[in-house]
file coords_2.cif (mmCIF, C-alpha atoms and all ligand atoms)
data_target
#
loop_
_atom_site.label_atom_id
_atom_site.label_comp_id
_atom_site.auth_asym_id
_atom_site.auth_seq_id
_atom_site.Cartn_x
_atom_site.Cartn_y
_atom_site.Cartn_z
CA MET A 33 -56.12 10.71 -31.10
CA ASN A 34 -55.50 13.34 -28.46
CA GLU A 35 -53.06 16.15 -29.27
CA LEU A 36 -50.53 17.63 -26.92
CA ASN A 37 -51.70 21.16 -26.23
CA ASN A 38 -49.88 24.48 -25.85
CA LEU A 39 -46.40 23.00 -25.91
CA LYS A 40 -43.66 25.55 -25.25
CA PRO A 41 -40.38 25.19 -27.17
CA ILE A 42 -37.49 24.23 -24.92
CA ASN A 43 -35.70 27.58 -25.38
CA GLU A 44 -38.70 29.24 -23.73
CA TRP A 45 -38.42 27.08 -20.61
CA PHE A 46 -35.58 29.19 -19.20
CA LYS A 47 -33.66 32.10 -20.69
CA LYS A 48 -30.34 30.28 -20.53
CA LEU A 49 -31.57 27.47 -22.78
CA ASP A 50 -31.05 29.54 -25.88
CA SER A 51 -28.56 27.34 -27.71
CA ARG A 52 -29.21 24.05 -29.47
CA PRO A 53 -28.61 21.18 -28.81
CA ILE A 54 -29.52 21.44 -25.12
CA ILE A 55 -26.88 19.55 -23.14
CA ILE A 56 -27.83 17.95 -19.83
CA SER A 57 -25.14 16.18 -17.83
CA GLY A 58 -24.31 14.96 -14.35
CA PRO A 59 -24.02 11.71 -12.45
CA CYS A 60 -26.35 8.76 -12.66
CA SER A 61 -26.80 9.13 -8.89
CA ALA A 62 -26.07 11.85 -6.38
CA GLU A 63 -23.73 9.91 -4.07
CA SER A 64 -22.21 12.50 -1.76
CA GLU A 65 -21.96 16.27 -1.47
CA GLU A 66 -18.35 16.08 -2.61
CA GLN A 67 -19.14 13.96 -5.68
CA VAL A 68 -22.06 16.18 -6.71
CA LEU A 69 -20.18 19.45 -6.28
CA ASN A 70 -16.91 18.25 -7.81
CA THR A 71 -18.74 16.95 -10.87
CA ALA A 72 -20.84 20.11 -11.20
CA ARG A 73 -17.79 22.39 -10.89
CA GLN A 74 -16.08 20.54 -13.75
CA LEU A 75 -19.23 20.61 -15.87
CA LYS A 76 -19.61 24.34 -15.33
CA GLU A 77 -16.36 24.79 -17.27
CA ILE A 78 -18.04 23.30 -20.37
CA ASP A 79 -20.01 26.08 -22.05
CA GLN A 80 -22.53 23.81 -23.76
CA VAL A 81 -23.70 22.17 -20.52
CA LYS A 82 -26.72 24.05 -19.19
CA ILE A 83 -28.54 21.53 -17.02
CA PHE A 84 -27.18 19.35 -14.20
CA ARG A 85 -28.84 15.94 -13.77
CA ALA A 86 -28.63 13.59 -10.79
CA GLY A 87 -30.76 10.70 -9.58
CA ILE A 88 -31.73 11.02 -5.94
CA TRP A 89 -34.20 8.16 -5.56
CA LYS A 90 -32.81 5.39 -7.80
CA PRO A 91 -35.10 2.79 -9.41
CA ARG A 92 -32.69 -0.18 -9.14
CA THR A 93 -33.63 -3.45 -10.75
CA ARG A 94 -32.66 -5.57 -7.71
CA PRO A 95 -32.89 -4.75 -4.00
CA ASN A 96 -29.80 -4.52 -1.80
CA THR A 97 -28.07 -2.18 -4.27
CA PHE A 98 -27.51 1.57 -3.88
CA GLU A 99 -30.93 3.23 -4.01
CA GLY A 100 -29.90 6.87 -3.84
CA ARG A 101 -29.31 9.35 -1.02
CA GLY A 102 -32.90 10.57 -0.95
CA ASP A 103 -33.99 13.94 0.41
CA ASP A 104 -30.52 14.98 1.69
CA ALA A 105 -29.23 15.15 -1.86
CA LEU A 106 -31.74 17.90 -2.71
CA HIS A 107 -29.64 20.28 -0.61
CA TRP A 108 -26.54 19.38 -2.64
CA LEU A 109 -28.39 20.15 -5.87
CA ASN A 110 -29.47 23.50 -4.51
CA GLN A 111 -25.82 24.16 -3.76
CA VAL A 112 -25.00 23.31 -7.40
CA LYS A 113 -27.53 25.90 -8.57
CA LEU A 114 -26.17 28.59 -6.29
CA GLU A 115 -22.52 27.93 -7.02
CA THR A 116 -22.53 27.15 -10.75
CA GLY A 117 -25.74 28.70 -12.08
CA LEU A 118 -26.59 25.42 -13.81
CA LEU A 119 -30.26 24.45 -13.92
CA THR A 120 -31.05 21.18 -12.13
CA THR A 121 -33.12 18.13 -13.06
CA VAL A 122 -34.09 15.09 -10.95
CA GLU A 123 -36.06 11.89 -11.63
CA VAL A 124 -39.47 11.72 -9.92
CA ALA A 125 -41.49 8.54 -9.54
CA SER A 126 -44.08 9.46 -6.90
CA PRO A 127 -46.12 12.46 -5.73
CA LYS A 128 -43.79 12.70 -2.71
CA HIS A 129 -40.79 13.09 -5.03
CA VAL A 130 -42.59 15.86 -6.94
CA GLU A 131 -43.42 17.70 -3.74
CA MET A 132 -39.86 17.41 -2.40
CA CYS A 133 -38.29 18.58 -5.68
CA LEU A 134 -40.58 21.59 -5.96
CA ARG A 135 -39.96 22.50 -2.32
CA HIS A 136 -36.20 22.45 -2.97
CA ASN A 137 -36.35 24.45 -6.22
CA VAL A 138 -35.37 21.72 -8.66
CA ASP A 139 -35.85 23.40 -12.06
CA ILE A 140 -36.92 20.48 -14.27
CA LEU A 141 -38.38 17.06 -13.40
CA TRP A 142 -37.89 13.88 -15.39
CA ILE A 143 -39.88 10.67 -15.36
CA GLY A 144 -37.86 7.45 -15.75
CA ALA A 145 -38.44 4.56 -18.14
CA ARG A 146 -39.83 2.20 -15.49
CA THR A 147 -42.41 4.75 -14.37
CA THR A 148 -43.52 5.59 -17.93
CA SER A 149 -44.37 1.90 -18.31
CA ASN A 150 -47.08 2.22 -15.63
CA PRO A 151 -50.14 4.40 -16.37
CA PHE A 152 -51.26 4.27 -12.70
CA SER A 153 -47.98 5.82 -11.57
CA ILE A 154 -48.12 8.39 -14.37
CA GLN A 155 -51.67 9.35 -13.39
CA GLU A 156 -50.59 9.86 -9.77
CA LEU A 157 -47.74 12.07 -10.95
CA ALA A 158 -50.16 14.00 -13.18
CA SER A 159 -52.38 14.72 -10.16
CA ALA A 160 -49.37 15.93 -8.16
CA LEU A 161 -48.33 18.17 -11.07
CA GLN A 162 -51.77 19.71 -11.62
CA GLY A 163 -51.39 23.49 -11.80
CA MET A 164 -47.59 23.43 -11.36
CA ASN A 165 -45.59 25.42 -13.87
CA VAL A 166 -42.59 23.10 -13.95
CA PRO A 167 -40.97 21.58 -17.05
CA VAL A 168 -41.20 17.78 -17.26
CA MET A 169 -39.21 15.39 -19.46
CA ILE A 170 -40.59 11.88 -20.01
CA LYS A 171 -38.37 8.95 -20.92
CA ASN A 172 -39.67 6.22 -23.21
CA PRO A 173 -41.06 3.11 -21.49
CA LEU A 174 -38.78 0.05 -21.23
CA ASN A 175 -40.71 -1.77 -23.95
CA PRO A 176 -41.01 -0.33 -27.47
CA ASP A 177 -44.68 0.69 -27.14
CA ILE A 178 -45.06 4.16 -28.62
CA ASN A 179 -48.62 4.49 -27.30
CA LEU A 180 -47.50 4.01 -23.73
CA TRP A 181 -45.01 6.84 -24.24
CA ILE A 182 -47.64 9.07 -25.89
CA GLY A 183 -50.14 8.19 -23.15
CA ALA A 184 -47.70 9.36 -20.46
CA LEU A 185 -47.05 12.61 -22.35
CA GLU A 186 -50.81 13.18 -22.73
CA ARG A 187 -51.56 12.51 -19.06
CA ILE A 188 -48.91 14.96 -17.88
CA ASN A 189 -49.92 17.52 -20.53
CA LYS A 190 -53.57 17.29 -19.42
CA ALA A 191 -52.42 18.26 -15.93
CA GLY A 192 -51.51 21.63 -17.48
CA ILE A 193 -47.80 21.01 -18.10
CA SER A 194 -46.90 22.88 -21.30
CA LYS A 195 -43.11 22.67 -20.88
CA LEU A 196 -42.86 19.05 -21.87
CA ALA A 197 -40.11 17.03 -23.59
CA ALA A 198 -39.53 13.39 -24.48
CA ILE A 199 -36.29 11.55 -23.70
CA HIS A 200 -35.27 8.63 -25.91
CA ARG A 201 -33.20 6.14 -23.85
CA GLY A 202 -33.65 3.00 -25.90
CA PHE A 203 -35.62 -0.18 -25.25
CA TYR A 204 -34.93 -3.34 -23.28
CA PRO A 205 -33.30 -5.74 -25.74
CA PHE A 206 -34.30 -9.21 -24.38
CA GLU A 207 -31.26 -10.71 -26.11
CA GLN A 208 -27.59 -10.01 -25.53
CA THR A 209 -26.53 -7.00 -27.62
CA SER A 210 -23.49 -4.73 -27.65
CA LEU A 211 -25.69 -1.82 -26.59
CA ARG A 212 -27.46 -1.90 -23.22
CA ASN A 213 -30.75 -0.85 -24.82
CA ILE A 214 -31.71 -1.01 -28.48
CA PRO A 215 -32.31 2.47 -29.95
CA LYS A 216 -35.14 1.61 -32.35
CA TRP A 217 -34.68 5.09 -33.83
CA GLU A 218 -37.93 4.74 -35.79
CA ILE A 219 -39.91 5.20 -32.56
CA PRO A 220 -38.58 8.66 -31.56
CA ILE A 221 -38.70 9.64 -35.25
CA GLU A 222 -42.39 8.74 -35.39
CA LEU A 223 -43.09 10.59 -32.15
CA LYS A 224 -41.36 13.70 -33.53
CA SER A 225 -43.33 13.50 -36.75
CA ARG A 226 -46.63 13.22 -34.86
CA PHE A 227 -45.89 16.00 -32.38
CA HIS A 228 -43.80 18.66 -34.17
CA ASN A 229 -43.57 20.91 -31.13
CA LEU A 230 -42.42 18.23 -28.72
CA PRO A 231 -38.71 18.61 -27.93
CA MET A 232 -36.86 15.29 -28.22
CA ILE A 233 -33.76 14.67 -26.10
CA CYS A 234 -31.55 11.60 -26.61
CA ASP A 235 -29.95 9.79 -23.66
CA PRO A 236 -26.97 8.02 -25.29
CA SER A 237 -25.66 6.88 -21.88
CA HIS A 238 -28.53 4.49 -21.18
CA ILE A 239 -28.71 3.37 -24.82
CA ALA A 240 -24.98 2.57 -24.80
CA GLY A 241 -24.34 1.25 -21.31
CA ASP A 242 -20.69 1.75 -22.24
CA ARG A 243 -18.88 5.09 -22.55
CA ARG A 244 -17.13 3.97 -25.77
CA TYR A 245 -20.35 4.25 -27.80
CA ILE A 246 -21.60 7.59 -26.54
CA GLN A 247 -20.02 9.72 -29.26
CA GLN A 248 -21.51 7.76 -32.16
CA ILE A 249 -24.98 7.54 -30.61
CA SER A 250 -24.95 11.27 -29.84
CA GLN A 251 -23.98 12.06 -33.41
CA LYS A 252 -26.77 9.87 -34.74
CA ALA A 253 -29.28 11.66 -32.50
CA LEU A 254 -28.13 15.05 -33.77
CA ASP A 255 -28.19 13.82 -37.37
CA LEU A 256 -31.86 12.97 -36.72
CA ASN A 257 -32.38 16.55 -35.60
CA MET A 258 -32.99 15.80 -31.95
CA ASP A 259 -33.10 18.83 -29.69
CA GLY A 260 -30.69 17.79 -26.97
CA LEU A 261 -28.58 15.17 -25.24
CA MET A 262 -28.63 13.87 -21.67
CA ILE A 263 -25.21 12.33 -20.95
CA GLU A 264 -24.12 10.89 -17.62
CA SER A 265 -20.87 12.18 -16.11
CA HIS A 266 -18.99 11.64 -12.85
CA TYR A 267 -15.73 13.18 -11.65
CA ASN A 268 -14.51 9.67 -10.80
CA PRO A 269 -16.59 7.04 -12.66
CA GLU A 270 -14.47 4.16 -11.37
CA GLU A 271 -16.00 4.71 -7.97
CA ALA A 272 -19.56 5.32 -9.17
CA LEU A 273 -22.26 3.51 -7.21
CA SER A 274 -24.46 3.02 -10.29
CA ASP A 275 -23.90 2.88 -14.06
CA MET A 276 -20.13 2.94 -13.63
CA GLU A 277 -19.30 1.83 -17.18
CA GLN A 278 -21.26 4.47 -19.03
CA GLN A 279 -20.34 7.61 -17.09
CA LEU A 280 -17.80 10.00 -18.60
CA ILE A 281 -15.40 12.26 -16.77
CA PRO A 282 -16.31 15.86 -17.69
CA SER A 283 -13.14 16.34 -19.79
CA GLU A 284 -14.11 13.32 -21.95
CA LEU A 285 -17.58 14.78 -22.28
CA ASN A 286 -16.05 18.04 -23.45
CA THR A 287 -14.04 16.24 -26.14
CA ILE A 288 -17.15 14.45 -27.37
CA LEU A 289 -19.25 17.62 -27.41
CA ASN A 290 -16.60 19.47 -29.37
CA SER A 291 -16.45 16.69 -31.96
CA LEU A 292 -20.23 16.85 -32.36
CA ILE A 293 -20.36 20.58 -32.67
CA CYS A 294 -17.64 20.56 -35.35
CA ARG A 295 -19.60 18.13 -37.46
CA LEU A 296 -22.80 20.07 -36.92
CA SER A 297 -21.28 23.33 -38.02
CA ILE A 298 -20.28 21.76 -41.37
CA LYS A 299 -23.94 21.02 -42.17
C1 LIG B 301 -31.18 7.30 -15.12
O1 LIG B 301 -31.35 8.27 -15.88
O2 LIG B 301 -30.21 7.21 -14.35
C2 LIG B 301 -32.15 6.17 -15.19
C3 LIG B 301 -32.42 5.39 -14.16
O3 LIG B 301 -32.64 6.04 -16.42
P1 LIG B 301 -33.77 5.12 -17.10
O4 LIG B 301 -35.07 5.50 -16.46
O5 LIG B 301 -33.65 5.52 -18.52
O6 LIG B 301 -33.39 3.67 -16.86
MN MN B 302 -28.10 5.88 -14.90
#

call {"tool": "encode", "arguments": {"input": "coords_2.cif", "output": "structure tokens"}}
result
Amino acid sequence: MNELNNLKPINEWFKKLDSRPIIISGPCSAESEEQVLNTARQLKEIDQVKIFRAGIWKPRTRPNTFEGRGDDALHWLNQVKLETGLLTTVEVASPKHVEMCLRHNVDILWIGARTTSNPFSIQELASALQGMNVPVMIKNPLNPDINLWIGALERINKAGISKLAAIHRGFYPFEQTSLRNIPKWEIPIELKSRFHNLPMICDPSHIAGDRRYIQQISQKALDLNMDGLMIESHYNPEEALSDMEQQLIPSELNTILNSLICRLSIK
């Protein structure tokens, strides 16, 4: 079994990531300059939020749905960095995405669940990342196959990426369930126990699929000692072009974060 080498703790990725848990938030998709900047301005008011997420090229299940604004949106994210000081993170699924993100100073890349499921795609991303000193977060694959997840982490690590994290976003349920994806907490727990230095972020938004469950899933993740949370937010979720039901307005996010922090401080 291959080990993950030279992993850097998440608080060494960037100076501003000094508090735990690391909170990443922002819209499922970057939809317009106004939506991106309005959401980011509201998130900036929440102290715990350090990283702004937005999907730019969206891996939609069916065609003829909103597939993201593409390259234009990278300028909006740069504007977010300049105006709010938040770090930025974007999903990459191809070498072209990696090149575009690095050219536009995206701080952190993430690899989505559908891409992690495909070792050919991961290997192409690894080649594009060779020698780049950029942090990469890798979501679990859609199916509960821990080795596929580990394999993706190993491939990207072998390309020299030492700022590496895993994101737990749950697994495709096959049957109708109240949650969009089943958490199968035992899988991230096992990954954490095998790779002590690997930061583990939970994505309660894609596990829940419904904003009403985000608080309890987030609390569970923190109870399991996960290192951070990636939570989708939108200044006007009712008009969101993707994942409308799970996005929180920033003030709701703030309420949830405060409830979590209270409980944590009792421990
Ligand atoms: C997302 O983060 O918006 C996304 C598409 O996630 P996942 O890859 O977990 O489905
Ligand atoms: Mn989403």

call {"tool": "closest_residue", "arguments": {"input": "coords_2.cif", "among": "A:Leu285, A:Leu174, A:Leu141, A:Leu49", "to": "ligand LIG 301 (chain B)", "atoms": "all atoms listed in the file"}}
result
A:Leu174

call {"tool": "closest_residue", "arguments": {"input": "coords_2.cif", "among": "A:Gly260, A:Pro269, A:Pro41, A:Pro59", "to": "ligand MN 302 (chain B)", "atoms": "only C-alpha atoms and all ligand atoms"}}
result
A:Pro59

call {"tool": "closest_residue", "arguments": {"input": "coords_2.cif", "among": "A:Ile88, A:Leu106, A:Leu69, A:Ala253", "to": "A:Pro53", "atoms": "all atoms listed in the file"}}
result
A:Ala253

call {"tool": "closest_residue", "arguments": {"input": "coords_2.cif", "among": "A:Pro95, A:Gly183, A:Pro282, A:Gly241", "to": "A:Glu35", "atoms": "all atoms listed in the file"}}
result
A:Gly183

call {"tool": "residues_around", "arguments": {"input": "coords_2.cif", "residues": "A:Phe46", "least_positions_apart": "6", "cutoff": "12 Å", "atoms": "all atoms listed in the file", "output": "ChimeraX atom specification"}}
result
/A:40,54,82-83,118-120,139-140,165-167,195

call {"tool": "residues_near_ligand", "arguments": {"input": "coords_2.cif", "ligand": "ligand LIG 301 (chain B)", "cutoff": "6 Å", "atoms": "all atoms listed in the file", "output": "PDB file with C-alpha atoms, in the frame of the given file"}}
result
ATOM      1  CA  CYS A  60     -26.350   8.760 -12.660  1.00  0.00           C
ATOM      2  CA  GLY A  87     -30.760  10.700  -9.580  1.00  0.00           C
ATOM      3  CA  GLY A 144     -37.860   7.450 -15.750  1.00  0.00           C
ATOM      4  CA  ALA A 145     -38.440   4.560 -18.140  1.00  0.00           C
ATOM      5  CA  ARG A 146     -39.830   2.200 -15.490  1.00  0.00           C
ATOM      6  CA  ARG A 201     -33.200   6.140 -23.850  1.00  0.00           C
ATOM      7  CA  HIS A 238     -28.530   4.490 -21.180  1.00  0.00           C
TER       8      HIS A 238
END

call {"tool": "residues_near_ligand", "arguments": {"input": "coords_2.cif", "ligand": "ligand MN 302 (chain B)", "cutoff": "10 Å", "atoms": "only C-alpha atoms and all ligand atoms", "output": "list in words"}}
result
Gly58, Pro59, Cys60, Ser61, Ala86, Gly87, Lys90, Pro91, Arg92, Gly144, Asp235, Ser237, His238, Gly241, Ile263, Glu264, Ser265, Leu273, Ser274, Asp275, Met276, Glu277, Gln278 and Gln279 of chain A
